[in-house]
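**Q** Dropping in input.txt, which is compact mmCIF, C-alpha atoms and all ligand atoms:
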```txt
# COMPACT_ATOMS: atom_id res chain seq x y z
CA MET A 160 1.49 -26.26 2.63
CA VAL A 161 2.71 -24.56 5.78
CA ILE A 162 5.03 -26.40 8.11
CA ASN A 163 4.75 -24.82 11.54
CA MET A 164 7.85 -25.57 13.56
CA ALA A 165 7.43 -26.10 17.28
CA ALA A 166 8.55 -23.37 19.68
CA GLY A 167 12.14 -24.14 20.55
CA SER A 168 12.84 -26.20 17.41
CA THR A 169 16.53 -26.17 16.57
CA GLU A 170 18.25 -24.60 13.58
CA GLU A 171 19.21 -28.10 12.47
CA GLN A 172 15.58 -29.26 12.53
CA ILE A 173 14.50 -26.21 10.52
CA GLN A 174 17.25 -26.85 7.98
CA HIS A 175 16.19 -30.46 7.68
CA VAL A 176 12.62 -29.40 6.87
CA ILE A 177 13.92 -26.89 4.29
CA ASP A 178 15.95 -29.64 2.61
CA ARG A 179 13.02 -32.05 2.62
CA VAL A 180 10.69 -29.41 1.11
CA LYS A 181 13.15 -29.02 -1.77
CA GLU A 182 13.41 -32.80 -2.19
CA CYS A 183 9.61 -32.97 -2.37
CA GLY A 184 9.69 -30.59 -5.35
CA PHE A 185 8.62 -27.32 -3.68
CA THR A 186 10.28 -24.00 -2.91
CA PRO A 187 10.75 -23.31 0.80
CA HIS A 188 10.12 -19.79 2.18
CA VAL A 189 11.15 -19.47 5.80
CA THR A 190 9.88 -16.93 8.30
CA ARG A 191 11.66 -16.81 11.62
CA GLY A 192 9.35 -15.16 14.15
CA THR A 193 10.23 -14.17 17.67
CA GLU A 194 8.92 -17.48 19.02
CA ARG A 195 8.80 -19.95 16.18
CA ALA A 196 9.68 -20.54 12.57
CA ILE A 197 7.30 -21.24 9.72
CA VAL A 198 8.37 -22.96 6.51
CA ALA A 199 5.98 -22.36 3.60
CA ALA A 200 6.29 -24.88 0.77
CA VAL A 201 5.06 -23.30 -2.46
CA GLY A 202 5.02 -24.32 -6.07
CA SER A 203 3.26 -26.90 -8.16
CA GLY A 204 4.20 -30.33 -9.31
CA GLY A 205 5.72 -31.63 -6.10
CA SER A 206 4.39 -34.40 -3.90
CA ARG A 207 1.85 -33.15 -1.36
CA ALA A 208 1.75 -36.52 0.35
CA ALA A 209 5.48 -36.37 0.96
CA LEU A 210 5.05 -32.91 2.49
CA GLU A 211 2.26 -34.12 4.74
CA ALA A 212 4.56 -36.83 6.02
CA LEU A 213 6.85 -34.10 7.41
CA GLN A 214 4.39 -34.09 10.29
CA ALA A 215 6.62 -36.85 11.66
CA ALA A 216 9.88 -34.90 11.28
CA PRO A 217 11.63 -33.76 14.47
CA GLY A 218 10.74 -30.21 15.56
CA VAL A 219 7.59 -30.03 13.40
CA GLU A 220 4.37 -29.09 15.16
CA THR A 221 1.82 -29.10 12.34
CA VAL A 222 1.64 -29.37 8.57
CA VAL A 223 -1.42 -27.59 7.19
CA PRO A 224 -2.60 -26.68 3.71
CA ILE A 225 -2.58 -22.97 2.83
CA ALA A 226 -6.22 -22.07 2.46
CA HIS A 227 -5.79 -19.42 -0.25
CA PRO A 228 -4.12 -19.27 -3.65
CA PHE A 229 -1.99 -16.33 -2.46
CA LYS A 230 0.45 -18.39 -0.43
CA LEU A 231 3.26 -16.08 0.67
CA VAL A 232 0.89 -13.15 1.12
CA SER A 233 -1.36 -15.22 3.36
CA ARG A 234 -1.27 -14.58 7.09
CA GLN A 235 -0.87 -18.31 7.53
CA THR A 236 2.69 -18.21 6.27
CA ARG A 237 3.88 -15.54 8.68
CA GLY A 238 3.39 -15.44 12.39
CA GLU A 239 3.53 -11.66 12.59
CA ARG A 240 2.55 -8.63 10.54
CA THR A 241 5.07 -7.37 8.01
CA ARG A 242 6.65 -3.98 8.55
CA VAL A 243 7.91 -2.21 5.48
CA TYR A 244 10.61 0.43 5.91
CA VAL A 245 10.62 3.31 3.43
CA GLY A 246 13.72 5.40 3.96
CA GLY A 247 13.50 4.78 7.70
CA VAL A 248 9.71 5.24 7.97
CA CYS A 249 7.93 2.11 9.15
CA ILE A 250 4.65 1.18 7.49
CA GLY A 251 2.71 -1.51 9.31
CA GLY A 252 3.92 -0.69 12.82
CA GLU A 253 2.16 1.01 15.71
CA GLU A 254 1.72 4.36 14.00
CA ALA A 255 -0.38 5.11 10.96
CA VAL A 256 1.75 6.65 8.22
CA VAL A 257 0.56 9.48 5.99
CA MET A 258 2.05 9.88 2.50
CA ALA A 259 1.13 13.15 0.86
CA GLY A 260 2.03 15.28 -2.11
CA PRO A 261 0.94 16.24 -5.57
CA CYS A 262 -0.61 13.88 -8.08
CA SER A 263 2.05 15.03 -10.57
CA VAL A 264 5.35 16.74 -9.99
CA GLU A 265 4.92 19.97 -11.97
CA SER A 266 7.72 22.33 -10.92
CA ARG A 267 10.38 22.88 -8.30
CA GLU A 268 8.27 25.54 -6.58
CA GLN A 269 5.16 23.37 -6.48
CA LEU A 270 7.03 20.34 -5.14
CA PHE A 271 9.08 22.15 -2.52
CA ALA A 272 6.14 24.20 -1.23
CA THR A 273 4.06 21.05 -0.92
CA ALA A 274 6.83 19.03 0.70
CA HIS A 275 7.59 21.70 3.32
CA SER A 276 3.97 22.04 4.18
CA VAL A 277 2.97 18.38 4.35
CA LYS A 278 6.04 17.62 6.45
CA ALA A 279 5.17 20.38 8.90
CA ALA A 280 1.64 18.97 9.09
CA GLY A 281 2.94 15.50 9.99
CA ALA A 282 3.21 13.54 6.73
CA THR A 283 6.33 11.36 6.72
CA ILE A 284 6.52 10.23 3.07
CA LEU A 285 6.22 12.46 0.00
CA ARG A 286 4.25 11.27 -3.02
CA GLY A 287 4.60 12.73 -6.52
CA GLY A 288 4.10 11.32 -9.99
CA ALA A 289 6.87 11.63 -12.57
CA TYR A 290 5.33 9.22 -15.10
CA LYS A 291 1.56 9.56 -15.20
CA PRO A 292 -0.85 6.90 -16.45
CA ARG A 293 -3.53 9.14 -17.97
CA THR A 294 -6.79 7.90 -19.39
CA SER A 295 -6.39 10.23 -22.37
CA PRO A 296 -3.16 10.35 -24.39
CA TYR A 297 -3.71 14.11 -24.76
CA ASP A 298 -3.52 14.79 -21.02
CA PHE A 299 -0.33 15.76 -19.16
CA GLN A 300 1.88 12.66 -19.01
CA GLY A 301 4.33 13.79 -16.32
CA LEU A 302 7.76 15.44 -16.41
CA GLY A 303 9.63 12.13 -16.36
CA LEU A 304 13.33 12.37 -15.51
CA GLU A 305 13.06 16.07 -14.64
CA ALA A 306 10.47 15.17 -11.98
CA LEU A 307 12.65 12.36 -10.63
CA LYS A 308 15.50 14.84 -10.18
CA LEU A 309 13.23 17.21 -8.30
CA LEU A 310 12.03 14.37 -6.11
CA ARG A 311 15.60 13.49 -5.23
CA GLN A 312 16.42 17.11 -4.42
CA VAL A 313 13.41 17.52 -2.20
CA ARG A 314 14.18 14.26 -0.45
CA GLU A 315 17.73 15.40 0.29
CA GLU A 316 16.87 18.95 1.28
CA ILE A 317 13.67 18.36 3.22
CA GLY A 318 14.33 14.84 4.43
CA LEU A 319 11.18 13.05 3.30
CA PRO A 320 11.43 9.66 1.59
CA VAL A 321 9.58 9.63 -1.73
CA VAL A 322 7.18 7.29 -3.52
CA THR A 323 6.61 7.58 -7.25
CA GLU A 324 4.89 5.48 -9.89
CA VAL A 325 6.70 3.06 -12.18
CA MET A 326 4.72 2.22 -15.29
CA SER A 327 7.22 0.25 -17.31
CA THR A 328 9.92 -2.34 -16.72
CA ALA A 329 12.21 -0.09 -18.76
CA ASP A 330 12.04 2.60 -16.03
CA ILE A 331 12.74 0.41 -13.00
CA ASP A 332 16.50 0.98 -12.79
CA LEU A 333 16.21 4.72 -13.34
CA ILE A 334 13.42 5.24 -10.79
CA SER A 335 15.28 3.05 -8.36
CA GLU A 336 18.09 5.60 -8.26
CA TYR A 337 15.76 8.45 -7.35
CA ALA A 338 12.93 7.10 -5.20
CA ASP A 339 12.54 5.18 -1.95
CA MET A 340 9.41 3.32 -2.95
CA PHE A 341 7.85 2.24 -6.24
CA GLN A 342 4.17 2.79 -6.77
CA VAL A 343 2.43 0.29 -9.02
CA GLY A 344 -0.64 2.15 -10.21
CA ALA A 345 -4.14 0.75 -10.35
CA ARG A 346 -3.97 0.37 -14.12
CA ASN A 347 -0.83 -1.73 -13.83
CA MET A 348 -1.86 -4.03 -11.00
CA GLN A 349 -2.03 -6.94 -13.40
CA ASN A 350 1.05 -6.04 -15.44
CA TYR A 351 2.73 -9.30 -14.54
CA ASP A 352 5.94 -8.50 -16.33
CA LEU A 353 6.29 -5.36 -14.23
CA LEU A 354 5.44 -7.25 -11.05
CA ARG A 355 7.95 -9.98 -11.86
CA GLN A 356 10.73 -7.46 -12.40
CA LEU A 357 9.86 -5.54 -9.23
CA GLY A 358 9.93 -8.85 -7.40
CA LYS A 359 13.62 -9.07 -8.20
CA THR A 360 14.36 -5.85 -6.32
CA THR A 361 14.03 -5.26 -2.60
CA LYS A 362 12.89 -1.66 -2.82
CA PRO A 363 9.43 -1.27 -1.23
CA VAL A 364 6.43 -1.41 -3.55
CA LEU A 365 3.08 0.31 -3.00
CA LEU A 366 0.67 -1.94 -4.88
CA LYS A 367 -2.57 -0.23 -5.75
CA ARG A 368 -5.69 -2.28 -6.25
CA GLY A 369 -6.97 -2.26 -9.82
CA PRO A 370 -10.29 -0.43 -10.27
CA SER A 371 -11.99 -3.67 -11.33
CA ALA A 372 -9.85 -6.15 -9.42
CA THR A 373 -11.28 -8.51 -6.86
CA ILE A 374 -9.54 -8.75 -3.49
CA LYS A 375 -8.19 -12.15 -4.50
CA GLU A 376 -6.71 -10.77 -7.73
CA TRP A 377 -5.12 -7.92 -5.78
CA LEU A 378 -3.53 -10.31 -3.28
CA LEU A 379 -2.37 -12.57 -6.11
CA ALA A 380 -0.71 -9.57 -7.73
CA ALA A 381 1.15 -9.04 -4.43
CA GLU A 382 2.04 -12.75 -4.51
CA TYR A 383 4.02 -12.14 -7.71
CA LEU A 384 6.21 -9.65 -5.84
CA LEU A 385 6.75 -11.89 -2.83
CA ALA A 386 7.30 -14.99 -4.95
CA GLY A 387 9.91 -13.07 -6.90
CA GLY A 388 11.78 -12.35 -3.68
CA ASN A 389 10.63 -8.86 -2.67
CA PRO A 390 8.98 -8.99 0.77
CA ASN A 391 8.55 -5.20 1.02
CA VAL A 392 5.03 -4.78 -0.26
CA VAL A 393 2.33 -2.38 0.93
CA LEU A 394 -1.20 -2.84 -0.39
CA CYS A 395 -3.24 0.22 -1.29
CA GLU A 396 -7.02 0.36 -1.67
CA ARG A 397 -7.80 3.26 -4.02
CA GLY A 398 -11.41 2.78 -4.94
CA ILE A 399 -13.10 0.46 -7.37
CA LYS A 400 -15.61 0.79 -10.19
CA THR A 401 -19.21 0.33 -9.16
CA PHE A 402 -22.50 1.45 -10.68
CA GLU A 403 -21.83 4.88 -9.09
CA SER A 404 -20.16 7.05 -11.66
CA GLU A 405 -21.74 10.45 -11.20
CA MET A 406 -21.32 11.49 -7.56
CA THR A 407 -17.95 9.91 -6.80
CA ARG A 408 -15.03 9.01 -9.05
CA ASN A 409 -14.58 5.56 -7.54
CA THR A 410 -16.05 3.69 -4.59
CA LEU A 411 -13.57 3.44 -1.72
CA ASP A 412 -13.88 -0.17 -0.57
CA LEU A 413 -13.10 0.12 3.11
CA ALA A 414 -14.22 -3.41 3.86
CA ALA A 415 -11.41 -4.51 1.54
CA VAL A 416 -8.92 -2.69 3.76
CA ALA A 417 -10.06 -4.68 6.78
CA LEU A 418 -10.27 -7.92 4.83
CA ALA A 419 -6.86 -7.56 3.20
CA ARG A 420 -5.39 -7.10 6.68
CA GLU A 421 -7.28 -10.15 7.83
CA LEU A 422 -6.16 -12.35 4.95
CA SER A 423 -2.60 -11.12 4.61
CA HIS A 424 0.31 -10.06 6.80
CA LEU A 425 1.11 -7.09 4.55
CA PRO A 426 0.40 -3.49 5.58
CA VAL A 427 -2.64 -1.95 3.92
CA VAL A 428 -3.11 1.77 3.26
CA ALA A 429 -6.03 3.67 1.78
CA ASP A 430 -6.10 6.35 -0.90
CA PRO A 431 -9.16 8.50 -0.24
CA SER A 432 -8.14 10.92 -3.02
CA HIS A 433 -8.62 8.49 -5.90
CA GLY A 434 -11.05 6.48 -3.80
CA THR A 435 -13.60 9.28 -3.77
CA GLY A 436 -12.36 11.85 -6.30
CA ARG A 437 -13.81 14.62 -4.13
CA ARG A 438 -11.97 17.06 -1.88
CA ASP A 439 -14.90 17.26 0.54
CA LEU A 440 -14.78 13.52 1.19
CA ILE A 441 -11.05 13.16 1.82
CA ALA A 442 -11.16 14.00 5.55
CA PRO A 443 -14.10 11.78 6.54
CA ALA A 444 -12.89 8.94 4.31
CA SER A 445 -9.42 9.20 5.85
CA ARG A 446 -10.79 8.91 9.34
CA ALA A 447 -12.98 6.02 8.36
CA ALA A 448 -10.02 4.22 6.78
CA LEU A 449 -7.95 4.55 9.94
CA ALA A 450 -10.92 3.52 12.07
CA ILE A 451 -11.27 0.30 10.05
CA GLY A 452 -7.60 -0.51 10.55
CA ALA A 453 -5.64 1.00 7.66
CA ASP A 454 -1.90 1.22 8.34
CA GLY A 455 -1.78 4.58 6.62
CA LEU A 456 -3.08 6.93 3.97
CA ILE A 457 -1.89 8.38 0.71
CA ILE A 458 -3.36 11.80 -0.05
CA GLU A 459 -3.03 14.23 -2.94
CA VAL A 460 -2.05 17.76 -1.95
CA HIS A 461 -1.34 20.76 -4.19
CA PRO A 462 -0.54 24.40 -3.33
CA CYS A 463 -3.26 25.51 -5.74
CA PRO A 464 -5.57 22.62 -6.69
CA GLU A 465 -7.45 24.65 -9.28
CA ARG A 466 -4.23 24.94 -11.29
CA ALA A 467 -3.13 21.32 -10.87
CA MET A 468 -2.14 19.57 -14.07
CA SER A 469 -3.79 16.36 -12.90
CA ASP A 470 -6.38 15.42 -10.28
CA GLY A 471 -7.02 18.98 -9.00
CA ALA A 472 -10.61 18.18 -8.10
CA GLN A 473 -9.49 15.63 -5.53
CA SER A 474 -6.41 17.49 -4.24
CA LEU A 475 -6.40 19.31 -0.92
CA ASN A 476 -4.63 22.65 -0.61
CA LEU A 477 -1.89 23.05 1.99
CA ASP A 478 -4.17 24.41 4.73
CA GLU A 479 -6.84 21.82 4.14
CA PHE A 480 -4.26 19.09 4.46
CA ALA A 481 -2.93 20.53 7.73
CA ARG A 482 -6.49 20.62 9.05
CA LEU A 483 -7.09 17.06 7.98
CA MET A 484 -3.96 15.96 9.86
CA GLN A 485 -5.18 17.63 13.05
CA GLY A 486 -8.48 15.85 12.62
CA LEU A 487 -6.77 12.47 12.35
CA THR A 488 -5.22 12.69 15.78
CA ALA A 489 -8.22 14.28 17.46
CA PRO A 490 -10.67 12.11 19.35
CA LEU A 491 -13.29 10.57 17.10
CA ARG A 492 -16.27 12.54 18.37
CA PRO A 493 -15.52 16.26 17.91
CA LEU A 494 -14.90 15.61 14.28
CA ALA A 495 -17.04 18.13 12.50
CA SER A 496 -15.04 21.11 13.73
CA TYR A 497 -12.06 19.88 11.74
CA LEU A 498 -14.00 19.51 8.59
CA GLY A 499 -15.02 23.10 7.99
CA ALA A 500 -18.24 25.03 8.14
CA ALA A 501 -20.00 23.19 5.36
CA THR A 502 -20.07 19.99 7.36
CA THR A 503 -22.89 19.33 9.74
CA GLU A 504 -22.67 17.14 12.76
CA ARG A 505 -25.19 14.46 13.54
CA THR A 506 -25.47 12.16 16.49
CA SER A 507 -27.92 9.33 16.49
CA LYS A 508 -28.50 6.30 18.67
CA MET A 509 -28.17 2.64 17.97
CA ASN A 510 -28.94 0.05 20.66
CA GLY A 511 -28.66 2.81 23.25
CA HIS A 512 -25.21 3.94 22.07
CA SER A 513 -24.44 7.22 20.39
CA VAL A 514 -23.50 6.93 16.75
CA TYR A 515 -21.54 9.80 15.39
CA SER A 516 -21.44 10.68 11.74
CA VAL A 517 -20.70 13.64 9.50
C1 LIG A 601 -1.95 8.43 -8.65
O1 LIG A 601 -1.60 8.01 -7.54
O2 LIG A 601 -1.88 9.61 -9.01
C2 LIG A 601 -2.62 7.46 -9.54
C3 LIG A 601 -2.60 7.61 -10.86
O3 LIG A 601 -3.24 6.50 -8.86
P1 LIG A 601 -4.09 5.23 -9.37
O4 LIG A 601 -3.13 4.33 -10.02
O5 LIG A 601 -4.67 4.69 -8.09
O6 LIG A 601 -5.15 5.75 -10.30
MN MN A 602 -3.62 11.22 -9.08
```
For this file, produce the structure as structure tokens.

**A**
Amino acid sequence: MVINMAAGSTEEQIQHVIDRVKECGFTPHVTRGTERAIVAAVGSGGSRAALEALQAAPGVETVVPIAHPFKLVSRQTRGERTRVYVGGVCIGGEEAVVMAGPCSVESREQLFATAHSVKAAGATILRGGAYKPRTSPYDFQGLGLEALKLLRQVREEIGLPVVTEVMSTADIDLISEYADMFQVGARNMQNYDLLRQLGKTTKPVLLKRGPSATIKEWLLAAEYLLAGGNPNVVLCERGIKTFESEMTRNTLDLAAVALARELSHLPVVADPSHGTGRRDLIAPASRAALAIGADGLIIEVHPCPERAMSDGAQSLNLDEFARLMQGLTAPLRPLASYLGAATTERTSKMNGHSVYSV
């Protein structure tokens, strides 16, 4: 249940509601907005009827059930959108944030060249995998601690906060020392032990949607983090499995970006690299993601994609990334010029309005 306090309710009235929620057998989670406070009562086993009676408590405006199973993630429990700060960069604010970097950290040269270049192009967070979840055990598994050290160096020398994947609870403390944000990869979205442990930290978490996860399952995975006490969660749509398996690697579910923002107060970013698996689709998919409301993007970039040790086929080179960034801030219409010669421009009409596509 959500207990919406009236505008101007006193601190004493809010505290009374918190105490009563506990007495009723629930856990109170309080959000103090600019105008009013909301007390979410979550848990099972308590008395709902007793909670409903709080309608009569002083300072309470309404007591309403939370419509979804993801309680703390639900927009109902927070009056405003959450902003997540990653080393000083705000995700979920006015500006869309671009995170960019290699799929895997491979060497000092590769990481520094990429970091310099993506920063100059306008990216504000560096991505780079140290521990890689590979489909085959024979593929490159990441440089581990060596990569973490490189990430820390690049962060200090170039001044970009870094996000890197955590695959195991055993690595949380170590990665925490080196990175500004944990990435929970698509394959680990339902690793509840990992989510529970990350919920005990306050370091931001980028929670990727599992390739076969429904939107509800994805938001419930985020609920584990919030319920554990970590409010700094960013959702990431990275493509799902559909019947298409030949032309694209995954199907980027852009409607899920809009819907996750509708259902939750958490920022939502899109990953067009894994979402499409194709370099030629990264720019148009990025623009589409921002157009549908994404709070940011995460994009794989490599100085020489053909030599990348993972995900080369979906990685942009440094120039391509810079061009993509220019295209993101350009007006929507003259889009094709940013996408290179191979792209053709097409304008059609719908209900008398021009429809632009590439
Ligand atoms: C990655 O970001 O390189 C990665 C492995 O992503 P995902 O978990 O979305 O497959
Ligand atoms: Mn990758």

**Q** Report as CSV: every residue of chain A with an atom at most 10 Å from ligand MN 602 (chain A), its closest pair of atoms, and their distance in Å to one decimal, counting all atoms listed in the file, with rows sorted by chain and ascending residue number.

**A**
```
residue,atom,partner,partner_atom,distance
A:Gly260,CA,A:MN602,MN,9.8
A:Pro261,CA,A:MN602,MN,7.6
A:Cys262,CA,A:MN602,MN,4.1
A:Ser263,CA,A:MN602,MN,7.0
A:Arg286,CA,A:MN602,MN,9.9
A:Gly287,CA,A:MN602,MN,8.7
A:Gly288,CA,A:MN602,MN,7.8
A:Lys291,CA,A:MN602,MN,8.2
A:Pro292,CA,A:MN602,MN,9.0
A:Arg293,CA,A:MN602,MN,9.1
A:Gly344,CA,A:MN602,MN,9.6
A:Asp430,CA,A:MN602,MN,9.8
A:Ser432,CA,A:MN602,MN,7.6
A:His433,CA,A:MN602,MN,6.5
A:Gly436,CA,A:MN602,MN,9.2
A:Ile458,CA,A:MN602,MN,9.1
A:Glu459,CA,A:MN602,MN,6.9
A:Val460,CA,A:MN602,MN,9.8
A:Met468,CA,A:MN602,MN,9.8
A:Ser469,CA,A:MN602,MN,6.4
A:Asp470,CA,A:MN602,MN,5.2
A:Gly471,CA,A:MN602,MN,8.5
A:Ala472,CA,A:MN602,MN,9.9
A:Gln473,CA,A:MN602,MN,8.2
A:Ser474,CA,A:MN602,MN,8.4
```

**Q** Those residues with C-alpha atoms, as a tab-separated table (two decimals), keeping the file's coordinate frame please?

**A**
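So selection-v1.tsv came out as:
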```tsv
chain	number	residue	atom	x	y	z
A	260	GLY	CA	2.03	15.28	-2.11
A	261	PRO	CA	0.94	16.24	-5.57
A	262	CYS	CA	-0.61	13.88	-8.08
A	263	SER	CA	2.05	15.03	-10.57
A	286	ARG	CA	4.25	11.27	-3.02
A	287	GLY	CA	4.60	12.73	-6.52
A	288	GLY	CA	4.10	11.32	-9.99
A	291	LYS	CA	1.56	9.56	-15.20
A	292	PRO	CA	-0.85	6.90	-16.45
A	293	ARG	CA	-3.53	9.14	-17.97
A	344	GLY	CA	-0.64	2.15	-10.21
A	430	ASP	CA	-6.10	6.35	-0.90
A	432	SER	CA	-8.14	10.92	-3.02
A	433	HIS	CA	-8.62	8.49	-5.90
A	436	GLY	CA	-12.36	11.85	-6.30
A	458	ILE	CA	-3.36	11.80	-0.05
A	459	GLU	CA	-3.03	14.23	-2.94
A	460	VAL	CA	-2.05	17.76	-1.95
A	468	MET	CA	-2.14	19.57	-14.07
A	469	SER	CA	-3.79	16.36	-12.90
A	470	ASP	CA	-6.38	15.42	-10.28
A	471	GLY	CA	-7.02	18.98	-9.00
A	472	ALA	CA	-10.61	18.18	-8.10
A	473	GLN	CA	-9.49	15.63	-5.53
A	474	SER	CA	-6.41	17.49	-4.24
```

**Q** Quote the spacing between CA of Ala345 in chain A and atom C1 of ligand LIG 601 (chain A) in Å to one decimal place.

**A**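 Taking CA of Ala345 in chain A and atom C1 of ligand LIG 601 (chain A), their separation equals 8.2 Å.
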
**Q** Mind giving me the straight-line distance from CA of Gly167 in chain A to CA of Arg240 in chain A in Å, one decimal?

**A** 20.8 Å

**Q** Write out as a compact mmCIF listing (two decimals) with C-alpha atoms, in the coordinates of the input the residues lying within 10 Å of Ala414 in chain A, counting all atoms listed in the file and excluding same-chain residues fewer than 4 positions away.

**A**
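The resulting file, around.txt, is shown below:
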```txt
# COMPACT_ATOMS: atom_id res chain seq x y z
CA GLU A 396 -7.02 0.36 -1.67
CA LEU A 418 -10.27 -7.92 4.83
CA ALA A 419 -6.86 -7.56 3.20
CA ARG A 420 -5.39 -7.10 6.68
CA ALA A 448 -10.02 4.22 6.78
CA ILE A 451 -11.27 0.30 10.05
CA GLY A 452 -7.60 -0.51 10.55
```

**Q** Restricting the calculation to only C-alpha atoms, which member of A:Gly369, A:Gly303, A:Pro426, A:Pro464 is positioned closest to Leu394 in chain A?

**A** A:Pro426

**Q** List the neighbours of range 400-408 of chain A out to 7 Å using only C-alpha atoms; skip same-chain residues closer than 6 positions along the sequence, and give me the result as a count of residues only.

**A** 5

**Q** In the coordinate frame of the file, compute which residues have an atom within 9 Å of (7.6, -17.9, 9.2) when using all atoms listed in the file, and state them as a PyMOL selection string.

**A** chain A and resi 161-164+188-192+195-199+235-239

**Q** Selection from above, C-alpha atoms, as a short mmCIF file (atom, residue, chain, number, x, y, z; two decimals), in the frame of the given file, can you write it?

**A**
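The resulting file, selection-v4.cif, is shown below:
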```cif
data_model
loop_
_atom_site.label_atom_id
_atom_site.label_comp_id
_atom_site.auth_asym_id
_atom_site.auth_seq_id
_atom_site.Cartn_x
_atom_site.Cartn_y
_atom_site.Cartn_z
CA VAL A 161 2.71 -24.56 5.78
CA ILE A 162 5.03 -26.40 8.11
CA ASN A 163 4.75 -24.82 11.54
CA MET A 164 7.85 -25.57 13.56
CA HIS A 188 10.12 -19.79 2.18
CA VAL A 189 11.15 -19.47 5.80
CA THR A 190 9.88 -16.93 8.30
CA ARG A 191 11.66 -16.81 11.62
CA GLY A 192 9.35 -15.16 14.15
CA ARG A 195 8.80 -19.95 16.18
CA ALA A 196 9.68 -20.54 12.57
CA ILE A 197 7.30 -21.24 9.72
CA VAL A 198 8.37 -22.96 6.51
CA ALA A 199 5.98 -22.36 3.60
CA GLN A 235 -0.87 -18.31 7.53
CA THR A 236 2.69 -18.21 6.27
CA ARG A 237 3.88 -15.54 8.68
CA GLY A 238 3.39 -15.44 12.39
CA GLU A 239 3.53 -11.66 12.59
#
```

**Q** If you count only C-alpha atoms, which residues fall within 10 Å of Ala450 in chain A, apart from same-chain ones fewer than 3 positions away, as an NGL selection string?

**A** :A and (413 or 417 or 444-447 or 453 or 487 or 491)

**Q** Let's have the selection written as a compact mmCIF listing (two decimals), in the coordinates of the input, with C-alpha atoms.

**A**
```
# COMPACT_ATOMS: atom_id res chain seq x y z
CA LEU A 413 -13.10 0.12 3.11
CA ALA A 417 -10.06 -4.68 6.78
CA ALA A 444 -12.89 8.94 4.31
CA SER A 445 -9.42 9.20 5.85
CA ARG A 446 -10.79 8.91 9.34
CA ALA A 447 -12.98 6.02 8.36
CA ALA A 453 -5.64 1.00 7.66
CA LEU A 487 -6.77 12.47 12.35
CA LEU A 491 -13.29 10.57 17.10
```

**Q** What is the CA of Asp332 in chain A to CA of Ser266 in chain A distance in Å?

**A**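 About the pair CA of Asp332 in chain A and CA of Ser266 in chain A: they are 23.2 Å apart.
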